[in-house]
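Dropping structure-v9.txt in here (compact mmCIF, C-alpha atoms):
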# COMPACT_ATOMS: atom_id res chain seq x y z
CA MET A 1 125.34 49.99 122.10
CA LYS A 2 125.96 49.82 118.37
CA LYS A 3 122.37 50.84 117.71
CA ALA A 4 122.74 53.88 120.00
CA ARG A 5 125.88 54.99 118.15
CA ILE A 6 124.01 54.75 114.84
CA LEU A 7 121.13 56.80 116.22
CA ARG A 8 123.52 59.47 117.49
CA ARG A 9 125.26 59.58 114.13
CA VAL A 10 121.95 59.95 112.29
CA ALA A 11 120.91 62.73 114.65
CA CYS A 12 124.23 64.50 114.10
CA TYR A 13 123.87 64.27 110.34
CA GLY A 14 120.34 65.63 110.67
CA VAL A 15 121.57 68.68 112.59
CA ILE A 16 124.36 69.28 110.05
CA GLY A 17 121.88 68.98 107.21
CA ALA A 18 119.51 71.47 108.83
CA VAL A 19 122.33 73.96 109.38
CA MET A 20 123.51 73.61 105.78
CA PHE A 21 119.97 74.13 104.49
CA PHE A 22 119.56 77.26 106.60
CA LEU A 23 122.86 78.69 105.36
CA LEU A 24 122.02 77.92 101.74
CA PHE A 25 118.56 79.45 102.11
CA SER A 26 120.03 82.57 103.68
CA LEU A 27 122.52 82.99 100.85
CA THR A 28 119.99 82.32 98.11
CA PHE A 29 117.00 84.36 99.25
CA ARG A 30 117.13 87.85 100.65
CA SER A 31 115.48 88.37 103.98
CA ARG A 32 112.38 90.50 103.87
CA SER A 33 113.85 92.45 106.78
CA ASP A 34 116.34 93.87 104.26
CA PHE A 35 113.53 96.21 103.20
CA SER A 36 112.54 97.39 106.67
CA GLN A 37 114.54 100.54 105.93
CA ARG A 38 112.99 101.71 102.69
CA GLN A 39 114.90 103.85 100.20
CA GLN A 40 113.69 107.46 100.10
CA VAL A 41 113.48 108.91 96.57
CA GLU A 42 111.44 111.83 95.30
CA ILE A 43 110.90 110.75 91.67
CA VAL A 44 110.45 107.29 90.18
CA ALA A 45 110.68 107.11 86.39
CA PHE A 46 109.03 104.19 84.60
CA GLY A 47 109.60 103.67 80.89
CA ASP A 48 111.37 101.81 78.10
CA SER A 49 114.80 102.08 76.50
CA VAL A 50 114.46 105.83 75.85
CA PHE A 51 114.85 106.26 79.61
CA GLY A 52 116.50 102.93 80.41
CA GLU A 53 119.13 102.20 77.76
CA VAL A 54 121.66 104.66 79.21
CA ARG A 55 121.95 104.48 82.99
CA ASN A 56 124.67 106.96 83.88
CA GLU A 57 124.49 110.66 84.72
CA THR A 58 123.53 111.47 81.10
CA ALA A 59 120.38 109.32 81.27
CA VAL A 60 117.18 111.31 80.91
CA PRO A 61 115.86 110.58 84.45
CA ALA A 62 119.22 111.44 86.01
CA GLN A 63 119.41 114.75 84.16
CA VAL A 64 115.82 115.62 85.05
CA GLY A 65 116.60 115.06 88.72
CA ALA A 66 119.71 117.21 88.51
CA LEU A 67 117.85 120.02 86.75
CA ILE A 68 115.08 120.26 89.36
CA GLY A 69 117.11 119.24 92.40
CA LYS A 70 115.32 116.00 93.29
CA THR A 71 116.46 112.42 93.81
CA VAL A 72 115.38 110.07 91.02
CA TYR A 73 115.13 106.31 90.70
CA ASN A 74 115.33 105.09 87.09
CA ALA A 75 112.92 102.13 86.87
CA ALA A 76 112.80 102.09 83.05
CA LEU A 77 113.30 98.70 81.39
CA GLY A 78 114.21 98.57 77.72
CA GLY A 79 111.88 96.66 75.43
CA THR A 80 108.91 96.74 77.81
CA CYS A 81 105.41 98.06 77.13
CA ALA A 82 102.85 99.84 79.24
CA SER A 83 100.43 97.01 78.44
CA ARG A 84 100.52 93.26 78.82
CA GLN A 85 101.02 91.47 75.52
CA ASP A 86 100.53 87.72 75.74
CA VAL A 87 96.76 87.26 75.75
CA ASP A 88 97.05 83.47 75.49
CA ARG A 89 99.30 82.73 78.45
CA ARG A 90 97.92 85.74 80.33
CA LEU A 91 99.63 86.41 83.65
CA ASP A 92 102.47 83.88 83.40
CA ARG A 93 104.43 85.60 80.64
CA ALA A 94 107.75 86.75 82.08
CA LYS A 95 108.05 90.02 80.25
CA ASP A 96 104.44 90.99 80.95
CA SER A 97 105.25 91.16 84.65
CA LEU A 98 107.86 93.79 83.77
CA SER A 99 105.37 95.98 81.89
CA LEU A 100 104.25 99.26 83.43
CA VAL A 101 101.00 97.73 84.65
CA GLY A 102 102.81 94.65 85.98
CA LEU A 103 105.23 96.79 88.00
CA ALA A 104 102.46 99.11 89.23
CA VAL A 105 100.38 96.21 90.54
CA ALA A 106 103.45 94.69 92.22
CA MET A 107 104.25 98.04 93.82
CA GLY A 108 100.74 98.38 95.16
CA ALA A 109 100.85 94.91 96.66
CA GLU A 110 104.45 95.35 97.84
CA ASP A 111 105.18 91.99 96.26
CA PHE A 112 107.73 91.74 93.44
CA GLY A 113 108.01 87.96 93.66
CA VAL A 114 106.86 87.44 90.07
CA GLN A 115 109.32 90.04 88.82
CA GLN A 116 112.12 88.47 90.85
CA SER A 117 111.43 85.17 89.07
CA ALA A 118 110.87 86.70 85.64
CA ARG A 119 114.16 88.54 85.69
CA LEU A 120 116.05 85.25 85.58
CA ARG A 121 114.83 84.79 82.01
CA GLU A 122 115.94 88.26 80.92
CA SER A 123 119.62 87.43 80.56
CA ASN A 124 120.06 89.94 77.72
CA MET A 125 119.03 92.78 80.02
CA GLU A 126 121.79 92.82 82.58
CA TYR A 127 120.45 95.77 84.53
CA PHE A 128 116.95 94.31 85.05
CA PRO A 129 117.75 92.50 88.34
CA GLU A 130 119.22 95.64 89.89
CA VAL A 131 116.20 97.70 88.86
CA ILE A 132 113.75 95.23 90.40
CA ASP A 133 115.80 95.02 93.58
CA GLY A 134 115.76 98.81 93.83
CA LEU A 135 112.02 99.08 93.21
CA GLU A 136 111.36 96.56 95.94
CA GLY A 137 113.25 98.72 98.40
CA ILE A 138 111.54 102.06 97.67
CA ASP A 139 109.07 103.63 100.07
CA PHE A 140 106.39 104.58 97.53
CA ASN A 141 104.40 106.40 100.18
CA LYS A 142 107.13 109.06 100.17
CA VAL A 143 107.52 109.39 96.39
CA GLN A 144 106.52 112.85 95.15
CA ILE A 145 106.46 112.34 91.36
CA ILE A 146 105.99 109.33 89.11
CA LEU A 147 107.03 109.72 85.46
CA ILE A 148 105.44 107.33 82.97
CA GLN A 149 107.36 107.25 79.68
CA HIS A 150 105.81 104.48 77.62
CA GLY A 151 104.17 104.02 74.25
CA ILE A 152 106.77 103.32 71.59
CA ASN A 153 106.84 99.57 72.25
CA ASP A 154 103.05 99.37 72.51
CA TYR A 155 102.98 101.05 69.09
CA HIS A 156 105.58 98.65 67.70
CA ALA A 157 103.57 95.70 68.99
CA GLY A 158 100.40 96.99 67.34
CA THR A 159 98.67 97.07 70.72
CA LEU A 160 95.03 98.15 70.65
CA ILE A 161 94.93 101.74 71.88
CA ASP A 162 91.72 101.42 73.90
CA ASN A 163 88.79 99.12 74.61
CA PRO A 164 85.57 101.13 75.03
CA GLU A 165 83.84 98.10 76.54
CA ASN A 166 86.52 97.73 79.19
CA PRO A 167 88.47 100.95 79.93
CA TYR A 168 90.79 99.03 82.30
CA ASP A 169 91.72 96.31 79.81
CA VAL A 170 95.43 95.89 80.58
CA TYR A 171 96.02 94.41 77.12
CA THR A 172 95.36 97.86 75.64
CA PHE A 173 97.63 100.90 75.79
CA LEU A 174 95.26 103.25 77.60
CA GLY A 175 93.73 100.51 79.74
CA ALA A 176 97.17 99.59 81.08
CA ILE A 177 97.96 103.21 81.93
CA ARG A 178 94.57 103.66 83.64
CA ARG A 179 95.20 100.54 85.74
CA ALA A 180 98.74 101.65 86.60
CA VAL A 181 97.62 105.15 87.58
CA ALA A 182 94.90 103.64 89.78
CA ALA A 183 97.49 101.45 91.52
CA PHE A 184 99.82 104.39 92.07
CA ARG A 185 97.03 106.53 93.48
CA ASP A 186 95.77 103.75 95.74
CA LYS A 187 99.28 103.44 97.15
CA ASN A 188 100.00 107.17 97.41
CA PRO A 189 96.99 109.46 96.87
CA GLN A 190 99.19 112.57 96.97
CA VAL A 191 101.66 111.49 94.29
CA ARG A 192 102.01 113.66 91.20
CA ILE A 193 101.79 111.52 88.07
CA VAL A 194 103.16 112.82 84.77
CA LEU A 195 102.79 111.09 81.39
CA VAL A 196 105.66 111.50 78.95
CA THR A 197 104.72 110.74 75.34
CA PRO A 198 107.00 109.03 72.83
CA ALA A 199 109.10 111.38 70.72
CA TYR A 200 109.02 111.53 66.94
CA THR A 201 110.70 108.45 65.44
CA TRP A 202 112.48 107.57 62.21
CA TYR A 203 113.02 103.99 60.96
CA THR A 204 116.35 104.11 59.19
CA ALA A 205 116.20 100.48 58.04
CA THR A 206 113.05 101.09 56.01
CA GLY A 207 113.46 104.75 55.17
CA LEU A 208 110.08 105.51 56.74
CA THR A 209 109.00 107.65 59.67
CA CYS A 210 106.45 107.06 62.42
CA GLU A 211 104.00 109.05 60.33
CA GLU A 212 104.14 106.41 57.61
CA THR A 213 104.45 103.25 59.69
CA ASP A 214 101.36 101.52 61.10
CA GLN A 215 102.14 98.37 63.06
CA GLY A 216 98.51 97.39 63.37
CA GLY A 217 97.18 99.78 65.99
CA GLY A 218 97.67 103.06 64.14
CA VAL A 219 100.55 105.44 63.54
CA LEU A 220 102.55 106.71 66.51
CA GLU A 221 100.71 110.03 66.61
CA ASP A 222 97.47 108.12 67.24
CA TYR A 223 98.98 106.73 70.45
CA VAL A 224 100.35 110.13 71.43
CA ASN A 225 97.06 111.94 70.90
CA ALA A 226 95.19 109.23 72.79
CA GLU A 227 97.65 109.61 75.68
CA ILE A 228 97.12 113.36 75.73
CA ARG A 229 93.35 112.85 75.91
CA LEU A 230 93.85 110.30 78.69
CA GLY A 231 95.79 112.88 80.70
CA GLU A 232 92.78 115.18 80.49
CA GLU A 233 90.46 112.32 81.47
CA LEU A 234 92.52 111.36 84.51
CA GLY A 235 93.49 114.88 85.50
CA ILE A 236 97.23 114.31 85.16
CA GLU A 237 99.92 116.23 83.34
CA VAL A 238 101.31 115.22 79.96
CA VAL A 239 104.70 116.19 78.57
CA ASP A 240 104.33 116.03 74.79
CA LEU A 241 107.69 115.05 73.30
CA TYR A 242 106.16 114.18 69.93
CA HIS A 243 104.81 117.42 68.52
CA ASP A 244 107.17 120.10 69.75
CA CYS A 245 110.48 118.62 70.81
CA LEU A 246 112.59 116.88 68.14
CA PRO A 247 112.74 118.75 64.80
CA HIS A 248 111.48 116.51 61.98
CA GLU A 249 110.89 118.65 58.94
CA ASN A 250 113.52 116.72 56.98
CA TRP A 251 114.49 113.04 56.90
CA TRP A 252 118.07 113.62 58.05
CA ASP A 253 116.91 115.45 61.17
CA TRP A 254 117.14 112.08 62.91
CA GLU A 255 120.93 112.43 63.07
CA THR A 256 120.75 115.56 65.22
CA TYR A 257 119.23 114.12 68.38
CA THR A 258 119.11 110.32 67.96
CA ARG A 259 121.67 107.63 67.32
CA ASP A 260 119.39 105.41 65.22
CA GLY A 261 116.20 107.35 64.61
CA LEU A 262 114.61 106.21 67.88
CA HIS A 263 117.04 106.19 70.82
CA PRO A 264 118.29 109.66 71.81
CA ASN A 265 121.98 110.40 71.61
CA GLU A 266 123.65 112.52 74.27
CA ALA A 267 122.35 115.75 72.75
CA GLY A 268 118.89 114.21 72.46
CA ARG A 269 118.87 113.07 76.08
CA LYS A 270 119.82 116.56 77.16
CA LEU A 271 117.00 118.09 75.09
CA LEU A 272 114.39 115.61 76.37
CA SER A 273 115.56 116.18 79.94
CA GLN A 274 115.23 119.93 79.62
CA LYS A 275 111.74 119.59 78.16
CA ILE A 276 110.57 117.33 81.00
CA ALA A 277 112.28 119.41 83.70
CA GLU A 278 110.60 122.59 82.42
CA ALA A 279 107.22 120.89 82.73
CA LEU A 280 107.96 119.61 86.23
CA LYS A 281 109.07 123.03 87.45
Would you mind writing the file's structure down as structure tokens?
Amino acid sequence: MKKARILRRVACYGVIGAVMFFLLFSLTFRSRSDFSQRQQVEIVAFGDSVFGEVRNETAVPAQVGALIGKTVYNAALGGTCASRQDVDRRLDRAKDSLSLVGLAVAMGAEDFGVQQSARLRESNMEYFPEVIDGLEGIDFNKVQIILIQHGINDYHAGTLIDNPENPYDVYTFLGAIRRAVAAFRDKNPQVRIVLVTPAYTWYTATGLTCEETDQGGGVLEDYVNAEIRLGEELGIEVVDLYHDCLPHENWWDWETYTRDGLHPNEAGRKLLSQKIAEALK
């Protein structure tokens, strides 16, 4: 009799434990069924802090959408590159999964598991988790336009611009864009892809401009010109923000449209938005 009571008690505890585990699992991990109803957006904008630092209605992607009358999802993540960076640890580097090529591959596979894990180590970027959650819920088959605004961080990192022996080398600037474009086209062959080059940049701490600063891969214009040539190679549009957008005849021109020589102020975001919207129209 005593043994039977013990067995019943053990069985009861087992049921309670199973229920608690199920509840904890449900609260901790989102059900994949949450994404059965995909978000419908017309433009997805990938990029760095030029697009991603400000995330209100004055952000560049938001203003572009308003100007051309389309819904926009801002998927730009500050500090990220188009390319992967850590050639030693390869695919397990957290921030590499948040690069343009990392996000493009995840989108193609409809699997953002790596990004969902990586975001936990990006505590200084509070908006990263929300961006990844939103990307995971987008129906990319219905997206009309993908904006790719990358390059400044690849330039800062001294990333090799291209690898002639391996055009799809994702540890190079152009190779990463080629791989991302291929992933986007595989997912949605009809999507319109538009490259947005970095704008002219001043480095107020050193008193130098992007014309004088080589981080190891060339000056910024080398990256811009290579991106323009890549657009011709891939048959996609390029919005050139470097050569004919921000005035840069004089050093103090940086104060007109940027807050620090790199990141656009409100007037700068408006100007960049108008330039991109004109191209999209």
Counting only C-alpha atoms, the residue of A:Asp260, A:Asp186, A:Asp162, A:Glu249 that sits nearest Tyr223 (chain A):
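Nearest to Tyr223 (chain A): A:Asp162.
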Counting all atoms listed in the file, the residue among A:Asp253, A:Leu160, A:Gly261, A:Gly151 that lies closest to Ala205 (chain A) is A:Gly261
Give the answer as one residue: which of A:Trp252, A:Phe46, A:Phe173, A:Tyr155 has the shortest atom-to-atom distance to Leu135 (chain A), using only C-alpha atoms?
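Going through A:Trp252, A:Phe46, A:Phe173, A:Tyr155 one by one, the smallest distance to Leu135 (chain A) is for A:Phe46.
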Identify the residues within 8 Å of coordinate (111.9, 100.2, 78.5) (same frame as the file), considering all atoms listed in the file, and give the answer as number ranges by chain.
A: 46-53, 76-81, 150
Find, counting all atoms listed in the file, the residue in A:Gly65, A:Gly113, A:Gly158, A:Pro198 that gets nearest to Asp214 (chain A).
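Going through A:Gly65, A:Gly113, A:Gly158, A:Pro198 one by one, the smallest distance to Asp214 (chain A) is for A:Gly158.
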To one decimal place, how far is CA of Cys210 (chain A) from CA of Leu262 (chain A) in Å?
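Computing the Euclidean distance for CA of Cys210 (chain A) and CA of Leu262 (chain A) yields 9.9 Å.
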Work out how far apart CA of Pro247 (chain A) and CA of Pro61 (chain A) are and give it in Å to one decimal.
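Atom-to-atom, CA of Pro247 (chain A) to CA of Pro61 (chain A), that is 21.5 Å.
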Please measure the separation of CA of Arg269 (chain A) and CA of Gln63 (chain A), giving the value in Å to one decimal.
8.3 Å
